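Printed here is upload-v4.csv (CSV, C-alpha atoms and all ligand atoms):
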```
chain,number,residue,atom,x,y,z
A,932,SER,CA,64.8,227.9,112.2
A,933,ARG,CA,63.6,225.7,109.5
A,934,THR,CA,64.4,222.3,108.1
A,935,VAL,CA,64.8,222.0,104.3
A,936,LYS,CA,66.6,220.2,101.6
A,937,SER,CA,69.7,222.1,100.9
A,938,GLY,CA,71.4,222.5,97.5
A,939,ALA,CA,73.5,219.4,98.4
A,940,ALA,CA,70.3,217.4,99.0
A,941,VAL,CA,71.1,217.0,102.7
A,942,THR,CA,68.4,217.9,105.2
A,943,LEU,CA,69.7,220.9,107.1
A,944,GLN,CA,68.4,223.8,109.1
A,945,TYR,CA,68.2,226.9,107.1
A,946,GLY,CA,68.5,230.4,108.6
A,947,SER,CA,66.9,231.8,111.6
A,948,LYS,CA,63.8,233.9,111.8
A,949,THR,CA,64.1,234.7,115.5
A,950,PHE,CA,66.8,237.0,116.8
A,951,SER,CA,66.4,236.2,120.4
A,952,THR,CA,67.6,232.8,121.6
A,953,THR,CA,67.4,231.0,124.9
A,954,SER,CA,71.1,230.3,125.0
A,955,HIS,CA,73.4,233.0,126.3
A,956,ASN,CA,76.8,233.4,124.8
A,957,HIS,CA,79.2,236.3,124.8
A,958,PHE,CA,79.9,237.5,121.4
A,959,LYS,CA,81.1,241.0,120.4
A,960,VAL,CA,79.6,242.2,117.2
A,961,THR,CA,80.8,245.4,115.5
A,962,VAL,CA,78.7,247.3,113.0
A,963,ALA,CA,80.9,249.5,110.7
A,964,GLY,CA,78.5,252.0,109.2
A,965,GLY,CA,76.3,251.5,112.3
A,966,SER,CA,74.8,255.0,112.2
A,967,GLY,CA,73.4,254.7,108.6
A,968,GLY,CA,70.1,253.7,107.1
A,969,ILE,CA,70.8,250.0,107.5
A,970,GLY,CA,73.2,250.3,110.4
A,971,GLN,CA,70.7,251.8,112.9
A,972,PRO,CA,67.8,249.3,112.5
A,973,LEU,CA,70.4,246.5,112.3
A,974,CYS,CA,71.9,247.6,115.7
A,975,LEU,CA,68.3,247.8,117.1
A,976,LEU,CA,67.8,244.2,116.2
A,977,LEU,CA,71.2,243.0,117.4
A,978,LYS,CA,70.6,244.8,120.8
A,979,GLN,CA,67.7,242.3,121.2
A,980,ASN,CA,69.8,239.3,120.5
A,981,SER,CA,70.9,237.5,123.6
A,982,LEU,CA,73.9,236.0,121.8
A,983,VAL,CA,75.3,239.5,121.5
A,984,SER,CA,76.9,240.6,124.8
A,985,HIS,CA,78.7,243.6,123.3
A,986,LEU,CA,77.5,245.7,120.3
A,987,ALA,CA,80.0,248.2,119.0
A,988,VAL,CA,78.5,250.9,116.8
A,989,TYR,CA,81.3,252.2,114.5
A,990,ASP,CA,80.8,255.0,112.0
A,991,ILE,CA,82.4,258.3,110.8
A,992,SER,CA,79.1,260.1,111.3
A,993,LYS,CA,78.9,262.6,114.2
A,994,ILE,CA,75.7,261.1,115.4
A,995,THR,CA,77.4,257.8,116.3
A,996,PRO,CA,77.8,258.5,120.1
A,997,GLY,CA,74.2,259.4,120.2
A,998,VAL,CA,73.1,256.3,118.3
A,999,ALA,CA,75.0,254.2,120.9
A,1000,VAL,CA,73.5,256.1,123.9
A,1001,ASP,CA,70.0,255.8,122.3
A,1002,LEU,CA,70.4,252.0,121.9
A,1003,SER,CA,72.0,251.6,125.4
A,1004,HIS,CA,68.6,252.7,127.0
A,1005,ILE,CA,66.9,249.5,125.7
A,1006,ASP,CA,66.5,247.2,128.6
A,1007,THR,CA,68.4,244.2,127.3
A,1008,ALA,CA,71.7,242.8,128.6
A,1009,THR,CA,73.7,243.7,125.5
A,1010,ARG,CA,76.3,246.3,126.2
A,1011,VAL,CA,76.6,249.1,123.6
A,1012,THR,CA,79.6,251.2,122.8
A,1013,GLY,CA,79.9,254.0,120.2
A,1014,HIS,CA,83.0,254.7,118.2
A,1015,LYS,CA,83.1,257.8,116.0
A,1016,GLY,CA,85.8,258.2,113.4
A,1017,VAL,CA,88.7,256.1,112.0
A,1018,ASP,CA,90.9,256.8,115.0
A,1019,GLN,CA,88.4,254.7,117.0
A,1020,ALA,CA,88.5,251.7,114.6
A,1021,CYS,CA,90.8,249.9,116.9
A,1022,GLU,CA,88.5,250.0,120.0
A,1023,ALA,CA,85.5,249.2,117.8
A,1024,MET,CA,87.1,246.1,116.2
A,1025,LYS,CA,89.2,244.8,119.1
A,1026,ASP,CA,87.9,241.4,120.3
A,1027,ALA,CA,85.1,241.4,117.7
A,1028,ASP,CA,83.8,238.0,116.9
A,1029,VAL,CA,81.9,239.4,113.9
A,1030,VAL,CA,82.4,242.7,112.0
A,1031,LEU,CA,79.4,243.6,109.9
A,1032,ILE,CA,80.0,246.2,107.2
A,1033,PRO,CA,77.1,248.3,105.9
A,1034,ALA,CA,79.4,251.4,105.5
A,1035,GLY,CA,79.2,253.3,102.2
A,1036,MET,CA,76.9,255.0,99.8
A,1037,PRO,CA,73.5,253.5,98.8
A,1038,ARG,CA,72.1,253.8,95.3
A,1039,LYS,CA,70.1,256.9,94.0
A,1040,PRO,CA,67.3,256.4,91.5
A,1041,GLY,CA,68.7,255.4,88.1
A,1042,MET,CA,72.0,254.0,89.5
A,1043,THR,CA,73.0,250.3,89.3
A,1044,ARG,CA,74.9,248.8,92.2
A,1045,ASP,CA,78.1,248.9,90.1
A,1046,ASP,CA,77.8,252.7,89.9
A,1047,LEU,CA,78.6,252.7,93.6
A,1048,PHE,CA,82.0,251.2,93.1
A,1049,SER,CA,84.0,254.4,92.9
A,1050,SER,CA,82.7,255.7,96.2
A,1051,ASN,CA,82.6,252.5,98.1
A,1052,ALA,CA,85.8,250.7,97.0
A,1053,SER,CA,88.1,252.9,99.1
A,1054,ILE,CA,85.8,252.8,102.1
A,1055,LEU,CA,85.8,249.0,102.1
A,1056,ARG,CA,89.5,248.8,101.4
A,1057,ASP,CA,90.2,251.1,104.4
A,1058,ILE,CA,87.8,249.3,106.8
A,1059,THR,CA,89.3,245.9,105.8
A,1060,ALA,CA,92.8,247.2,106.4
A,1061,ASP,CA,91.7,248.2,110.0
A,1062,PHE,CA,90.0,244.8,110.4
A,1063,ALA,CA,93.3,243.2,109.5
A,1064,LYS,CA,95.1,245.3,112.0
A,1065,TYR,CA,92.7,245.3,115.0
A,1066,ALA,CA,90.2,242.4,114.8
A,1067,PRO,CA,91.2,239.0,116.2
A,1068,GLU,CA,92.4,236.4,113.7
A,1069,LYS,CA,89.2,234.4,114.3
A,1070,SER,CA,86.9,237.3,113.5
A,1071,ILE,CA,84.4,237.0,110.7
A,1072,MET,CA,83.7,239.8,108.3
A,1073,ALA,CA,80.3,240.1,106.7
A,1074,ILE,CA,80.0,242.6,103.9
A,1075,ILE,CA,76.8,244.4,103.1
A,1076,THR,CA,78.2,247.3,101.2
A,1077,ASN,CA,77.4,247.3,97.5
A,1078,PRO,CA,78.5,246.2,94.9
A,1079,VAL,CA,78.9,243.1,97.0
A,1080,ASN,CA,80.3,241.2,93.9
A,1081,SER,CA,83.3,243.6,93.9
A,1082,MET,CA,83.6,244.3,97.6
A,1083,VAL,CA,84.2,240.7,98.7
A,1084,PRO,CA,87.2,240.5,96.2
A,1085,ILE,CA,88.5,243.8,97.5
A,1086,ALA,CA,88.4,242.7,101.1
A,1087,SER,CA,90.0,239.4,100.2
A,1088,GLU,CA,92.9,241.0,98.3
A,1089,VAL,CA,93.5,243.5,101.2
A,1090,LEU,CA,93.6,240.6,103.7
A,1091,LYS,CA,95.9,238.6,101.4
A,1092,LYS,CA,98.3,241.6,101.3
A,1093,ALA,CA,98.2,241.8,105.1
A,1094,GLY,CA,98.8,238.0,105.4
A,1095,LYS,CA,95.5,237.6,107.2
A,1096,TYR,CA,93.2,236.1,104.5
A,1097,ASP,CA,91.1,233.2,105.5
A,1098,PRO,CA,88.3,232.5,102.9
A,1099,ARG,CA,86.1,231.0,105.6
A,1100,ARG,CA,85.9,234.4,107.3
A,1101,VAL,CA,85.0,236.7,104.5
A,1102,LEU,CA,81.3,236.5,103.7
A,1103,GLY,CA,79.3,238.7,101.3
A,1104,VAL,CA,75.7,239.2,102.6
A,1105,THR,CA,73.1,238.2,100.0
A,1106,THR,CA,70.4,237.2,102.6
A,1107,LEU,CA,68.0,239.9,101.4
A,1108,ASP,CA,67.7,238.1,98.1
A,1109,ILE,CA,66.7,234.9,99.9
A,1110,VAL,CA,64.3,236.8,102.2
A,1111,ARG,CA,62.6,238.5,99.2
A,1112,ALA,CA,62.4,235.2,97.3
A,1113,ALA,CA,60.7,233.5,100.3
A,1114,THR,CA,58.3,236.4,100.7
A,1115,PHE,CA,57.2,236.4,97.1
A,1116,VAL,CA,56.8,232.6,97.0
A,1117,GLY,CA,54.8,232.8,100.3
A,1118,GLN,CA,52.4,235.3,98.6
A,1119,ILE,CA,52.0,233.1,95.5
A,1120,ASN,CA,51.5,229.9,97.5
A,1121,CYS,CA,49.3,231.7,100.1
A,1122,ILE,CA,51.4,230.4,102.9
A,1123,ASP,CA,53.6,231.9,105.7
A,1124,PRO,CA,56.9,232.9,104.1
A,1125,ALA,CA,58.6,231.5,107.2
A,1126,GLU,CA,57.8,228.1,105.7
A,1127,VAL,CA,59.5,228.8,102.4
A,1128,THR,CA,63.2,228.3,101.5
A,1129,VAL,CA,64.6,229.3,98.1
A,1130,PRO,CA,68.4,229.3,97.5
A,1131,VAL,CA,69.6,232.3,95.5
A,1132,LEU,CA,72.8,231.7,93.6
A,1133,GLY,CA,75.4,233.7,91.7
A,1134,GLY,CA,75.9,237.1,93.1
A,1135,HIS,CA,74.1,240.2,94.3
A,1136,SER,CA,73.3,242.5,91.4
A,1137,GLY,CA,71.1,242.4,88.3
A,1138,VAL,CA,71.5,239.3,86.2
A,1139,THR,CA,74.0,237.7,88.7
A,1140,ILE,CA,71.0,237.1,91.1
A,1141,VAL,CA,69.9,233.6,90.1
A,1142,PRO,CA,67.0,232.3,92.2
A,1143,ALA,CA,67.0,228.5,92.1
A,1144,LEU,CA,63.2,228.3,92.1
A,1145,SER,CA,63.3,224.6,91.1
A,1146,GLN,CA,64.7,223.9,94.6
A,1147,CYS,CA,62.0,225.9,96.4
A,1148,GLN,CA,60.6,224.2,99.4
A,1149,PRO,CA,57.6,223.8,99.3
A,1150,PRO,CA,57.5,223.9,95.5
A,1151,VAL,CA,56.3,227.3,94.1
A,1152,LYS,CA,52.8,227.0,92.7
A,1153,LEU,CA,53.6,228.4,89.2
A,1154,CYS,CA,53.1,226.2,86.2
A,1155,ASN,CA,54.2,228.1,83.1
A,1156,GLU,CA,57.7,229.4,82.3
A,1157,GLU,CA,56.5,233.0,81.7
A,1158,ASP,CA,55.3,233.2,85.3
A,1159,ILE,CA,58.5,231.8,86.6
A,1160,LYS,CA,60.5,234.3,84.6
A,1161,ARG,CA,58.4,237.1,85.9
A,1162,LEU,CA,59.0,236.0,89.5
A,1163,ILE,CA,62.8,235.7,88.8
A,1164,LYS,CA,62.8,239.3,87.5
A,1165,LYS,CA,60.8,240.5,90.5
A,1166,ILE,CA,63.4,239.0,92.8
A,1167,GLN,CA,66.3,240.5,90.8
A,1168,GLU,CA,64.7,243.9,90.7
A,1169,ALA,CA,63.3,244.1,94.2
A,1170,GLY,CA,66.0,246.5,95.3
A,1171,THR,CA,65.2,248.8,92.5
A,1172,ALA,CA,61.5,248.7,93.4
A,1173,VAL,CA,62.3,249.9,96.9
A,1174,LEU,CA,64.7,252.6,95.6
A,1175,ASN,CA,62.0,253.9,93.2
A,1176,ALA,CA,59.2,253.7,95.9
A,1177,LYS,CA,61.4,255.7,98.3
A,1178,ALA,CA,61.7,258.4,95.5
A,1179,GLY,CA,65.3,259.2,96.0
A,1180,GLY,CA,65.2,259.0,99.8
A,1181,GLY,CA,67.2,255.8,100.2
A,1182,THR,CA,67.2,252.1,99.3
A,1183,ALA,CA,66.2,249.0,101.2
A,1184,THR,CA,67.2,249.6,104.8
A,1185,LEU,CA,64.6,247.9,107.0
A,1186,SER,CA,64.4,244.6,105.1
A,1187,MET,CA,68.2,244.7,104.8
A,1188,ALA,CA,68.6,245.2,108.5
A,1189,TYR,CA,66.3,242.3,109.1
A,1190,ALA,CA,68.2,240.1,106.6
A,1191,ALA,CA,71.6,241.1,108.1
A,1192,ALA,CA,70.4,240.4,111.7
A,1193,ARG,CA,69.2,237.0,110.6
A,1194,PHE,CA,72.5,236.3,108.9
A,1195,THR,CA,74.4,237.4,112.0
A,1196,CYS,CA,72.3,235.3,114.2
A,1197,SER,CA,73.1,232.3,112.1
A,1198,ILE,CA,76.8,233.0,112.2
A,1199,LEU,CA,76.7,233.4,116.0
A,1200,ARG,CA,74.7,230.2,116.5
A,1201,ALA,CA,77.3,228.3,114.4
A,1202,LEU,CA,80.1,230.0,116.4
A,1203,ALA,CA,78.4,228.8,119.6
A,1204,GLY,CA,78.6,225.2,118.3
A,1205,GLU,CA,75.1,224.7,116.9
A,1206,ALA,CA,75.1,222.2,114.0
A,1207,ASN,CA,73.5,222.4,110.5
A,1208,ILE,CA,73.3,226.1,110.2
A,1209,VAL,CA,72.9,227.0,106.5
A,1210,GLU,CA,72.7,230.4,104.8
A,1211,CYS,CA,73.4,231.6,101.3
A,1212,ALA,CA,76.3,234.0,101.0
A,1213,PHE,CA,78.8,235.3,98.4
A,1214,VAL,CA,82.0,233.6,99.2
A,1215,LYS,CA,85.2,232.1,97.8
A,1216,ALA,CA,83.9,229.5,95.3
A,1217,ASN,CA,84.8,225.9,94.9
A,1218,ARG,CA,84.1,226.0,91.1
A,1219,CYS,CA,86.4,226.5,88.2
A,1220,ASP,CA,84.4,229.2,86.3
A,1221,THR,CA,84.5,231.9,89.0
A,1222,PRO,CA,86.6,232.7,92.0
A,1223,TYR,CA,83.6,233.9,94.1
A,1224,PHE,CA,80.0,232.7,94.0
A,1225,ALA,CA,76.8,233.0,96.1
A,1226,CYS,CA,75.3,229.7,97.1
A,1227,PRO,CA,74.2,227.8,100.3
A,1228,ILE,CA,77.0,227.4,102.8
A,1229,LEU,CA,77.2,225.4,106.0
A,1230,LEU,CA,78.4,227.7,108.8
A,1231,GLY,CA,80.6,226.4,111.7
A,1232,ARG,CA,82.9,227.5,114.4
A,1233,ASN,CA,85.2,229.1,111.8
A,1234,GLY,CA,82.6,230.7,109.6
A,1235,LEU,CA,82.3,228.9,106.2
A,1236,GLU,CA,82.6,225.2,107.0
A,1237,LYS,CA,81.4,223.7,103.8
A,1238,ASN,CA,80.3,225.1,100.5
A,1239,LEU,CA,77.2,223.3,99.5
A,1240,GLY,CA,77.2,224.2,95.8
A,1241,THR,CA,74.3,224.8,93.5
A,1242,GLY,CA,72.5,221.5,93.7
A,1243,ASN,CA,70.5,220.4,90.6
A,1244,LEU,CA,69.4,223.2,88.3
A,1245,ASN,CA,66.8,223.1,85.6
A,1246,GLU,CA,67.5,224.3,82.0
A,1247,LEU,CA,66.3,227.9,82.6
A,1248,GLU,CA,68.4,228.2,85.8
A,1249,SER,CA,71.5,226.8,84.1
A,1250,SER,CA,71.1,229.3,81.2
A,1251,LEU,CA,70.7,232.2,83.7
A,1252,LEU,CA,73.8,231.1,85.5
A,1253,LYS,CA,75.7,230.9,82.2
A,1254,LYS,CA,74.7,234.5,81.6
A,1255,ALA,CA,75.6,235.5,85.2
A,1256,ILE,CA,79.2,234.2,85.2
A,1257,PRO,CA,80.7,236.7,82.7
A,1258,GLU,CA,79.1,239.6,84.6
A,1259,LEU,CA,80.3,238.2,87.9
A,1260,LEU,CA,83.8,237.8,86.5
A,1261,LYS,CA,83.8,241.4,85.4
A,1262,ASN,CA,82.6,242.6,88.9
A,1263,ILE,CA,85.3,240.5,90.6
A,1264,LYS,CA,88.1,241.7,88.3
A,1265,THR,CA,87.1,245.3,89.0
A,1266,GLY,CA,87.5,244.7,92.7
A,1267,GLU,CA,90.8,242.8,92.4
A,1268,ASP,CA,92.2,245.4,90.1
A,1269,PHE,CA,91.3,248.2,92.5
A,1270,VAL,CA,93.6,246.6,95.1
A,1271,MET,CA,96.3,245.4,92.8
A,1272,LYS,CA,96.6,248.5,90.7
A,1273,PRO,CA,95.6,251.4,93.0
A,1274,GLN,CA,94.7,254.6,91.2
B,1,LIG,P1,73.7,255.2,104.5
B,1,LIG,O1,74.4,256.2,103.7
B,1,LIG,O2,72.4,255.5,105.1
B,1,LIG,O3,74.7,254.7,105.6
B,1,LIG,C1,76.1,254.4,105.4
B,1,LIG,C2,76.8,254.7,106.6
B,1,LIG,O4,78.2,254.4,106.4
B,1,LIG,C3,76.8,256.2,107.0
B,1,LIG,O5,76.3,256.4,108.4
B,1,LIG,C4,78.2,256.7,106.8
B,1,LIG,O6,78.6,257.7,107.8
B,1,LIG,C5,79.0,255.4,107.1
B,1,LIG,N1,80.3,255.4,106.6
B,1,LIG,C6,80.8,255.9,105.4
B,1,LIG,N2,82.1,255.7,105.3
B,1,LIG,C7,82.5,255.0,106.5
B,1,LIG,C8,83.8,254.6,107.0
B,1,LIG,N3,84.9,254.7,106.3
B,1,LIG,N4,83.8,254.0,108.1
B,1,LIG,C9,82.7,253.8,108.9
B,1,LIG,N5,81.4,254.2,108.5
B,1,LIG,C10,81.4,254.8,107.3
B,1,LIG,O7,73.6,253.9,103.5
B,1,LIG,P2,72.7,252.6,103.7
B,1,LIG,O8,71.4,252.8,103.2
B,1,LIG,O9,72.8,252.2,105.2
B,1,LIG,O10,73.5,251.5,102.8
B,1,LIG,C11,74.8,251.1,103.1
B,1,LIG,C12,75.3,250.2,102.0
B,1,LIG,O11,74.6,248.9,102.0
B,1,LIG,C13,75.2,250.7,100.6
B,1,LIG,O12,76.4,250.5,99.9
B,1,LIG,C14,74.1,250.0,100.0
B,1,LIG,O13,74.1,249.9,98.6
B,1,LIG,C15,74.3,248.6,100.7
B,1,LIG,N6,73.1,247.7,100.6
B,1,LIG,C16,73.4,246.4,100.5
B,1,LIG,C17,72.4,245.4,100.4
B,1,LIG,C18,72.7,244.0,100.3
B,1,LIG,O14,71.8,243.2,100.1
B,1,LIG,N7,73.9,243.6,100.5
B,1,LIG,C19,71.0,245.9,100.4
B,1,LIG,C20,70.8,247.3,100.6
B,1,LIG,C21,71.8,248.2,100.6
```
Reformat the file's structure so that it appears as structure tokens.
Ligand code: NAI
Amino acid sequence: SRTVKSGAAVTLQYGSKTFSTTSHNHFKVTVAGGSGGIGQPLCLLLKQNSLVSHLAVYDISKITPGVAVDLSHIDTATRVTGHKGVDQACEAMKDADVVLIPAGMPRKPGMTRDDLFSSNASILRDITADFAKYAPEKSIMAIITNPVNSMVPIASEVLKKAGKYDPRRVLGVTTLDIVRAATFVGQINCIDPAEVTVPVLGGHSGVTIVPALSQCQPPVKLCNEEDIKRLIKKIQEAGTAVLNAKAGGGTATLSMAYAAARFTCSILRALAGEANIVECAFVKANRCDTPYFACPILLGRNGLEKNLGTGNLNELESSLLKKAIPELLKNIKTGEDFVMKPQ
């Protein structure tokens, strides 16, 4: 873990780079979409986390029992169970402390994240309905499925309808943007990216990804605004760079699995009572211009404990955020409308 100035200018620990900890706790983590491109390496990392006593691999794919058997041969104490098909959602989610959701279609070349809405909206709606039915009230949902900006509103509306909504427990995973920003700044500054922290604000697609480079710790060694703008674009378009480099064979899966494992580890450490755990996430906002927003949050025993806000932004970042908000509102409305006015 690292110590940094958070957006709220309080010195806090930020994230976790290691997935193995010395403390042993007994958390059940369910991965819905656990047999997919992200799901499998994510499960591999979680199987090595001593905070996870039970890893439930849930997916509709026929390989799911095999993925679970494969993982179960790894010589760590984490118990692994496989759950194939929606009729096993109950077993998969029962007693889960955290339900991670990377279920759904990834992008193909030429697609934006929003193009995934029609295929992924109903998947997310149905998994959330099962979460409401079968997961404990204290369970935390972390949504990886794209478009995250619309999926978090869908999950929230489904949970509201079921009378189970707690905004502290619905988290959209944007950690990959933070991981990418730290990596690129590490390269520019010629330092270990583990030493770098950059909050990324707004949302998780295109212009809604707003890296707060002025808050970068240590400061990014770029002097002119053109270089800063190029770096912002590189962070915003990093997912597309992977998509194109994989030439139609998938999107970011390995770096996403790393990011989700780190995010999960932070949630579990906070659930275990560790103080000052901060991650960025797309959550219910405490601002008047948008109902959901990605920013640093303090994690606690109930998930989101405190929204730390944007901190001070420079002129460029404020103008990027101004452009991001209408797009964000559009994405959020698409998600809410899907639940409120079903097709
Ligand atoms: P994938 O297609 O390899 O895996 C998706 C898995 O979900 C498959 O195994 C499929 O059988 C399963 N699935 C589909 N419907 C399901 C249901 N109703 N219940 C349970 N499982 C179900 O896709 P990949 O590459 O793993 O990506 C998954 C999602 O994550 C995509 O939407 C992608 O856009 C998103 N993603 C999000 C990122 C982020 O930063 N939040 C970064 C990269 C990808």
As a check of understanding: the span from CA of Gly1041 in chain A to CA of Ala1172 in chain A is 11.2 Å
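Using all atoms listed in the file, the smallest distance between any of A:Leu1247, A:Ala1192, A:Ile1166, A:Val1270 and Leu973 in chain A comes from A:Ala1192.
When only C-alpha atoms are used to compute distances to Ile1085 in chain A, the closest of the residues A:Ala1052, A:Leu1132, A:Val1173, A:Ala1008 turns out to be A:Ala1052.
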So which one's closest to Ile1071 in chain A, A:Val1116, A:Ala1020, A:Ile994, A:Val962? Using only C-alpha atoms, please.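 Smallest distance to Ile1071 in chain A is found for A:Val962.
A straight line drawn from CA of Ile991 in chain A to CA of His957 in chain A is 26.3 Å long.
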Considering all atoms listed in the file, can you say which of A:Thr1182, A:Ser1250, A:Ser1087, A:Thr1043 comes closest to ligand LIG 1 (chain B)?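 Looking at the shortest contact to ligand LIG 1 (chain B), the residue is A:Thr1182.
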